[in-house]
>>> print(open('my_file-v1.pdb').read())   # PDB, C-alpha atoms, pLDDT in the B column
ATOM      1  CA  MET I  30      12.740  -4.089   4.414  1.00 55.00           C
ATOM      2  CA  ASP I  31      12.246  -1.486   1.740  1.00 83.00           C
ATOM      3  CA  ILE I  32      12.024   1.924   3.379  1.00 89.00           C
ATOM      4  CA  GLU I  33      10.059   3.270   0.386  1.00 92.00           C
ATOM      5  CA  VAL I  34       7.249   0.813   1.102  1.00 94.00           C
ATOM      6  CA  LEU I  35       7.050   1.947   4.720  1.00 93.00           C
ATOM      7  CA  ARG I  36       7.286   5.592   3.711  1.00 95.00           C
ATOM      8  CA  ALA I  37       4.468   5.120   1.196  1.00 96.00           C
ATOM      9  CA  LEU I  38       2.228   3.457   3.770  1.00 96.00           C
ATOM     10  CA  ALA I  39       2.940   6.124   6.409  1.00 96.00           C
ATOM     11  CA  ASN I  40       0.548   8.573   4.753  1.00 97.00           C
ATOM     12  CA  PRO I  41      -3.083   8.137   5.906  1.00 96.00           C
ATOM     13  CA  VAL I  42      -4.549   8.653   2.422  1.00 96.00           C
ATOM     14  CA  ARG I  43      -2.154   6.156   0.828  1.00 97.00           C
ATOM     15  CA  LEU I  44      -2.808   3.635   3.595  1.00 96.00           C
ATOM     16  CA  GLY I  45      -6.530   4.128   3.015  1.00 96.00           C
ATOM     17  CA  ILE I  46      -6.076   3.545  -0.712  1.00 97.00           C
ATOM     18  CA  VAL I  47      -4.206   0.307   0.007  1.00 97.00           C
ATOM     19  CA  ARG I  48      -6.915  -0.811   2.429  1.00 96.00           C
ATOM     20  CA  ARG I  49      -9.602  -0.145  -0.167  1.00 96.00           C
ATOM     21  CA  LEU I  50      -7.662  -1.958  -2.890  1.00 97.00           C
ATOM     22  CA  ALA I  51      -7.364  -4.952  -0.572  1.00 95.00           C
ATOM     23  CA  VAL I  52     -11.138  -5.379  -0.701  1.00 96.00           C
ATOM     24  CA  GLU I  53     -11.816  -3.810  -4.120  1.00 95.00           C
ATOM     25  CA  PRO I  54      -9.074  -4.610  -6.632  1.00 94.00           C
ATOM     26  CA  ASP I  55      -9.126  -2.977 -10.059  1.00 94.00           C
ATOM     27  CA  THR I  56     -10.368   0.352  -8.736  1.00 94.00           C
ATOM     28  CA  CYS I  57     -10.216   3.462 -10.916  1.00 92.00           C
ATOM     29  CA  ALA I  58      -8.370   6.495  -9.531  1.00 89.00           C
ATOM     30  CA  CYS I  59     -11.539   8.577  -9.871  1.00 88.00           C
ATOM     31  CA  ASP I  60     -13.266   6.292  -7.350  1.00 90.00           C
ATOM     32  CA  PHE I  61     -10.941   7.460  -4.566  1.00 91.00           C
ATOM     33  CA  THR I  62     -11.654  11.204  -4.687  1.00 87.00           C
ATOM     34  CA  ASP I  63     -15.016  11.087  -2.887  1.00 83.00           C
ATOM     35  CA  GLU I  64     -13.815   8.616  -0.276  1.00 88.00           C
ATOM     36  CA  PHE I  65     -10.798  10.671   0.766  1.00 88.00           C
ATOM     37  CA  SER I  66     -12.094  14.203   0.112  1.00 86.00           C
ATOM     38  CA  VAL I  67      -9.040  15.188  -1.895  1.00 90.00           C
ATOM     39  CA  SER I  68      -8.656  16.335  -5.479  1.00 92.00           C
ATOM     40  CA  GLN I  69      -8.023  14.037  -8.434  1.00 92.00           C
ATOM     41  CA  PRO I  70      -4.450  15.360  -8.887  1.00 94.00           C
ATOM     42  CA  THR I  71      -3.732  14.613  -5.217  1.00 95.00           C
ATOM     43  CA  ILE I  72      -5.054  11.060  -5.586  1.00 95.00           C
ATOM     44  CA  SER I  73      -2.939  10.623  -8.706  1.00 94.00           C
ATOM     45  CA  ALA I  74       0.145  11.778  -6.802  1.00 96.00           C
ATOM     46  CA  HIS I  75      -0.579   9.318  -3.991  1.00 97.00           C
ATOM     47  CA  LEU I  76      -1.105   6.484  -6.476  1.00 97.00           C
ATOM     48  CA  LYS I  77       2.204   7.352  -8.131  1.00 97.00           C
ATOM     49  CA  VAL I  78       4.004   7.037  -4.791  1.00 97.00           C
ATOM     50  CA  LEU I  79       2.340   3.667  -4.164  1.00 97.00           C
ATOM     51  CA  ARG I  80       3.225   2.494  -7.683  1.00 97.00           C
ATOM     52  CA  GLU I  81       6.861   3.591  -7.355  1.00 96.00           C
ATOM     53  CA  ALA I  82       7.094   1.772  -4.013  1.00 96.00           C
ATOM     54  CA  GLY I  83       5.871  -1.395  -5.737  1.00 95.00           C
ATOM     55  CA  LEU I  84       2.634  -1.585  -3.765  1.00 97.00           C
ATOM     56  CA  VAL I  85       0.182  -1.129  -6.644  1.00 97.00           C
ATOM     57  CA  ARG I  86       0.074  -2.022 -10.319  1.00 97.00           C
ATOM     58  CA  THR I  87      -2.003  -0.573 -13.102  1.00 96.00           C
ATOM     59  CA  ARG I  88      -4.149  -2.020 -15.856  1.00 94.00           C
ATOM     60  CA  ARG I  89      -5.606   0.074 -18.642  1.00 93.00           C
ATOM     61  CA  GLU I  90      -9.238  -0.434 -19.615  1.00 88.00           C
ATOM     62  CA  GLY I  91      -9.852   1.866 -22.569  1.00 90.00           C
ATOM     63  CA  THR I  92      -9.153   5.347 -21.214  1.00 90.00           C
ATOM     64  CA  THR I  93      -9.484   4.241 -17.596  1.00 90.00           C
ATOM     65  CA  ILE I  94      -6.541   3.107 -15.479  1.00 92.00           C
ATOM     66  CA  CYS I  95      -7.412   0.564 -12.808  1.00 95.00           C
ATOM     67  CA  TYR I  96      -5.250  -0.029  -9.742  1.00 97.00           C
ATOM     68  CA  SER I  97      -4.637  -3.248  -7.815  1.00 97.00           C
ATOM     69  CA  LEU I  98      -2.284  -4.279  -5.041  1.00 97.00           C
ATOM     70  CA  VAL I  99       0.947  -6.155  -5.671  1.00 96.00           C
ATOM     71  CA  PRO I 100       0.524  -9.101  -3.279  1.00 94.00           C
ATOM     72  CA  GLU I 101       4.211 -10.035  -3.390  1.00 94.00           C
ATOM     73  CA  THR I 102       5.228  -6.653  -1.979  1.00 94.00           C
ATOM     74  CA  LEU I 103       2.702  -6.890   0.831  1.00 92.00           C
ATOM     75  CA  ALA I 104       3.687 -10.482   1.578  1.00 91.00           C
ATOM     76  CA  GLY I 105       7.341  -9.457   1.780  1.00 90.00           C
ATOM     77  CA  LEU I 106       6.510  -6.639   4.178  1.00 91.00           C
ATOM     78  CA  ALA I 107       4.324  -8.927   6.296  1.00 89.00           C
ATOM     79  CA  ASN I 108       7.108 -11.505   6.419  1.00 90.00           C
ATOM     80  CA  GLU I 109       9.680  -8.922   7.541  1.00 88.00           C
ATOM     81  CA  LEU I 110       7.364  -7.569  10.239  1.00 88.00           C
ATOM     82  CA  HIS I 111       6.575 -11.086  11.414  1.00 88.00           C
ATOM     83  CA  GLN I 112      10.309 -11.826  11.704  1.00 87.00           C
ATOM     84  CA  LEU I 113      10.773  -8.684  13.790  1.00 84.00           C
ATOM     85  CA  ALA I 114       7.923  -9.731  16.066  1.00 83.00           C
ATOM     86  CA  ASP I 115       9.471 -13.202  16.412  1.00 81.00           C
ATOM     87  CA  LEU I 116      12.833 -11.658  17.360  1.00 73.00           C
ATOM     88  CA  GLN I 117      11.134  -9.465  19.935  1.00 70.00           C
ATOM     89  CA  GLU I 118       9.363 -12.481  21.425  1.00 71.00           C
ATOM     90  CA  LEU I 119      12.634 -14.426  21.508  1.00 68.00           C
ATOM     91  CA  GLN I 120      14.354 -11.541  23.329  1.00 73.00           C
ATOM     92  CA  LYS I 121      11.502 -11.346  25.832  1.00 75.00           C
ATOM     93  CA  ASN I 122      11.676 -15.080  26.541  1.00 76.00           C
ATOM     94  CA  GLN I 123      15.448 -14.955  27.099  1.00 78.00           C
ATOM     95  CA  ARG I 124      15.160 -12.431  29.932  1.00 71.00           C
TER      96      ARG I 124
END
>>> encode(input="my_file-v1.pdb", output="structure tokens")
Amino acid sequence: MDIEVLRALANPVRLGIVRRLAVEPDTCACDFTDEFSVSQPTISAHLKVLREAGLVRTRREGTTICYSLVPETLAGLANELHQLADLQELQKNQR
């Protein structure tokens, strides 16, 4: 499991951005400022962390940069967490 992915998701604003992108892909960075009550530079810094962790990708539309989730990264994380849950269940059943 990539620790950078978990570290990126540990911040409430970044987790909120990921949750929003799950339902609204191709969202512009400027659309996050009102929702999270933080400045544009702060949102940009959070998006950079998410991008570097491989959780979001960008697409340029003229002068606007749109953000979307990287489903493969989320699927990998979900798979790893599911495996941990399965191991925990196996341990519980062996007691």
>>> atom_distance(input="my_file-v1.pdb", atom1="CA of Cys95 (chain I)", atom2="CA of Ile32 (chain I)")
25.3 Å
>>> resolve_selection(input="my_file-v1.pdb", expression="the PyMOL selection byres ((chain I and resi 42) around 10)", output="list in words")
Ala37, Leu38, Ala39, Asn40, Pro41, Arg43, Leu44, Gly45, Ile46, Val47, Arg48, Phe61, Glu64, Phe65, Ser66, Val67, Thr71, Ile72, His75 and Leu76 of chain I
>>> closest_atom_pairs(input="my_file-v1.pdb", of="region 42-62 of chain I", to="region 97-104 of chain I", cutoff="7 Å", atoms="all atoms listed in the file", output="CSV")
residue,atom,partner,partner_atom,distance
I:Leu50,CA,I:Ser97,CA,5.9
I:Ala51,CA,I:Leu98,CA,6.8
I:Pro54,CA,I:Ser97,CA,4.8
I:Asp55,CA,I:Ser97,CA,5.0
I:Thr56,CA,I:Ser97,CA,6.8
>>> residues_around(input="my_file-v1.pdb", residues="Glu33 (chain I)", least_positions_apart="6", cutoff="12 Å", atoms="all atoms listed in the file", output="PyMOL selection string")
chain I and resi 39-40+78-84+102+106
>>> atom_distance(input="my_file-v1.pdb", atom1="CA of Lys77 (chain I)", atom2="CA of Thr92 (chain I)")
17.4 Å
>>> atom_distance(input="my_file-v1.pdb", atom1="CA of Cys59 (chain I)", atom2="CA of Ala74 (chain I)")
12.5 Å
>>> decode(input="my_file-v1.pdb", residues="region 40-55 of chain I", atoms="N, CA, C and O atoms", output="PDB file, in the first residue's frame")
ATOM      1  N   ASN I  40      -5.940  14.103   5.170  1.00  0.00           N
ATOM      2  CA  ASN I  40      -6.333  15.488   5.390  1.00  0.00           C
ATOM      3  C   ASN I  40      -7.816  15.660   5.054  1.00  0.00           C
ATOM      4  O   ASN I  40      -8.258  15.241   3.981  1.00  0.00           O
ATOM      5  N   PRO I  41      -8.605  16.275   5.935  1.00  0.00           N
ATOM      6  CA  PRO I  41     -10.048  16.395   5.684  1.00  0.00           C
ATOM      7  C   PRO I  41     -10.399  17.150   4.402  1.00  0.00           C
ATOM      8  O   PRO I  41     -11.361  16.783   3.722  1.00  0.00           O
ATOM      9  N   VAL I  42      -9.648  18.186   4.065  1.00  0.00           N
ATOM     10  CA  VAL I  42      -9.947  18.928   2.833  1.00  0.00           C
ATOM     11  C   VAL I  42      -9.656  18.051   1.623  1.00  0.00           C
ATOM     12  O   VAL I  42     -10.464  17.971   0.692  1.00  0.00           O
ATOM     13  N   ARG I  43      -8.512  17.368   1.630  1.00  0.00           N
ATOM     14  CA  ARG I  43      -8.180  16.508   0.480  1.00  0.00           C
ATOM     15  C   ARG I  43      -9.174  15.356   0.357  1.00  0.00           C
ATOM     16  O   ARG I  43      -9.598  15.011  -0.752  1.00  0.00           O
ATOM     17  N   LEU I  44      -9.578  14.777   1.474  1.00  0.00           N
ATOM     18  CA  LEU I  44     -10.581  13.715   1.415  1.00  0.00           C
ATOM     19  C   LEU I  44     -11.890  14.263   0.860  1.00  0.00           C
ATOM     20  O   LEU I  44     -12.551  13.618   0.042  1.00  0.00           O
ATOM     21  N   GLY I  45     -12.249  15.468   1.256  1.00  0.00           N
ATOM     22  CA  GLY I  45     -13.454  16.101   0.721  1.00  0.00           C
ATOM     23  C   GLY I  45     -13.358  16.355  -0.776  1.00  0.00           C
ATOM     24  O   GLY I  45     -14.334  16.173  -1.511  1.00  0.00           O
ATOM     25  N   ILE I  46     -12.188  16.763  -1.229  1.00  0.00           N
ATOM     26  CA  ILE I  46     -11.978  16.970  -2.670  1.00  0.00           C
ATOM     27  C   ILE I  46     -12.165  15.649  -3.413  1.00  0.00           C
ATOM     28  O   ILE I  46     -12.840  15.590  -4.448  1.00  0.00           O
ATOM     29  N   VAL I  47     -11.595  14.583  -2.891  1.00  0.00           N
ATOM     30  CA  VAL I  47     -11.724  13.267  -3.524  1.00  0.00           C
ATOM     31  C   VAL I  47     -13.183  12.832  -3.538  1.00  0.00           C
ATOM     32  O   VAL I  47     -13.680  12.330  -4.554  1.00  0.00           O
ATOM     33  N   ARG I  48     -13.878  13.052  -2.449  1.00  0.00           N
ATOM     34  CA  ARG I  48     -15.309  12.683  -2.402  1.00  0.00           C
ATOM     35  C   ARG I  48     -16.100  13.468  -3.446  1.00  0.00           C
ATOM     36  O   ARG I  48     -16.978  12.916  -4.113  1.00  0.00           O
ATOM     37  N   ARG I  49     -15.798  14.733  -3.579  1.00  0.00           N
ATOM     38  CA  ARG I  49     -16.526  15.545  -4.577  1.00  0.00           C
ATOM     39  C   ARG I  49     -16.198  15.079  -5.991  1.00  0.00           C
ATOM     40  O   ARG I  49     -17.079  14.981  -6.844  1.00  0.00           O
ATOM     41  N   LEU I  50     -14.914  14.794  -6.243  1.00  0.00           N
ATOM     42  CA  LEU I  50     -14.528  14.337  -7.581  1.00  0.00           C
ATOM     43  C   LEU I  50     -15.144  12.980  -7.919  1.00  0.00           C
ATOM     44  O   LEU I  50     -15.339  12.668  -9.089  1.00  0.00           O
ATOM     45  N   ALA I  51     -15.466  12.201  -6.905  1.00  0.00           N
ATOM     46  CA  ALA I  51     -16.110  10.911  -7.154  1.00  0.00           C
ATOM     47  C   ALA I  51     -17.496  11.089  -7.767  1.00  0.00           C
ATOM     48  O   ALA I  51     -17.934  10.267  -8.564  1.00  0.00           O
ATOM     49  N   VAL I  52     -18.164  12.174  -7.410  1.00  0.00           N
ATOM     50  CA  VAL I  52     -19.505  12.420  -7.954  1.00  0.00           C
ATOM     51  C   VAL I  52     -19.519  13.480  -9.048  1.00  0.00           C
ATOM     52  O   VAL I  52     -20.463  13.544  -9.833  1.00  0.00           O
ATOM     53  N   GLU I  53     -18.465  14.314  -9.091  1.00  0.00           N
ATOM     54  CA  GLU I  53     -18.372  15.373 -10.101  1.00  0.00           C
ATOM     55  C   GLU I  53     -16.990  15.397 -10.732  1.00  0.00           C
ATOM     56  O   GLU I  53     -16.164  16.253 -10.402  1.00  0.00           O
ATOM     57  N   PRO I  54     -16.707  14.460 -11.639  1.00  0.00           N
ATOM     58  CA  PRO I  54     -15.396  14.487 -12.298  1.00  0.00           C
ATOM     59  C   PRO I  54     -15.242  15.745 -13.151  1.00  0.00           C
ATOM     60  O   PRO I  54     -16.227  16.419 -13.451  1.00  0.00           O
ATOM     61  N   ASP I  55     -14.009  16.021 -13.519  1.00  0.00           N
ATOM     62  CA  ASP I  55     -13.692  17.195 -14.341  1.00  0.00           C
ATOM     63  C   ASP I  55     -14.113  18.499 -13.667  1.00  0.00           C
ATOM     64  O   ASP I  55     -14.743  19.357 -14.272  1.00  0.00           O
TER      65      ASP I  55
END
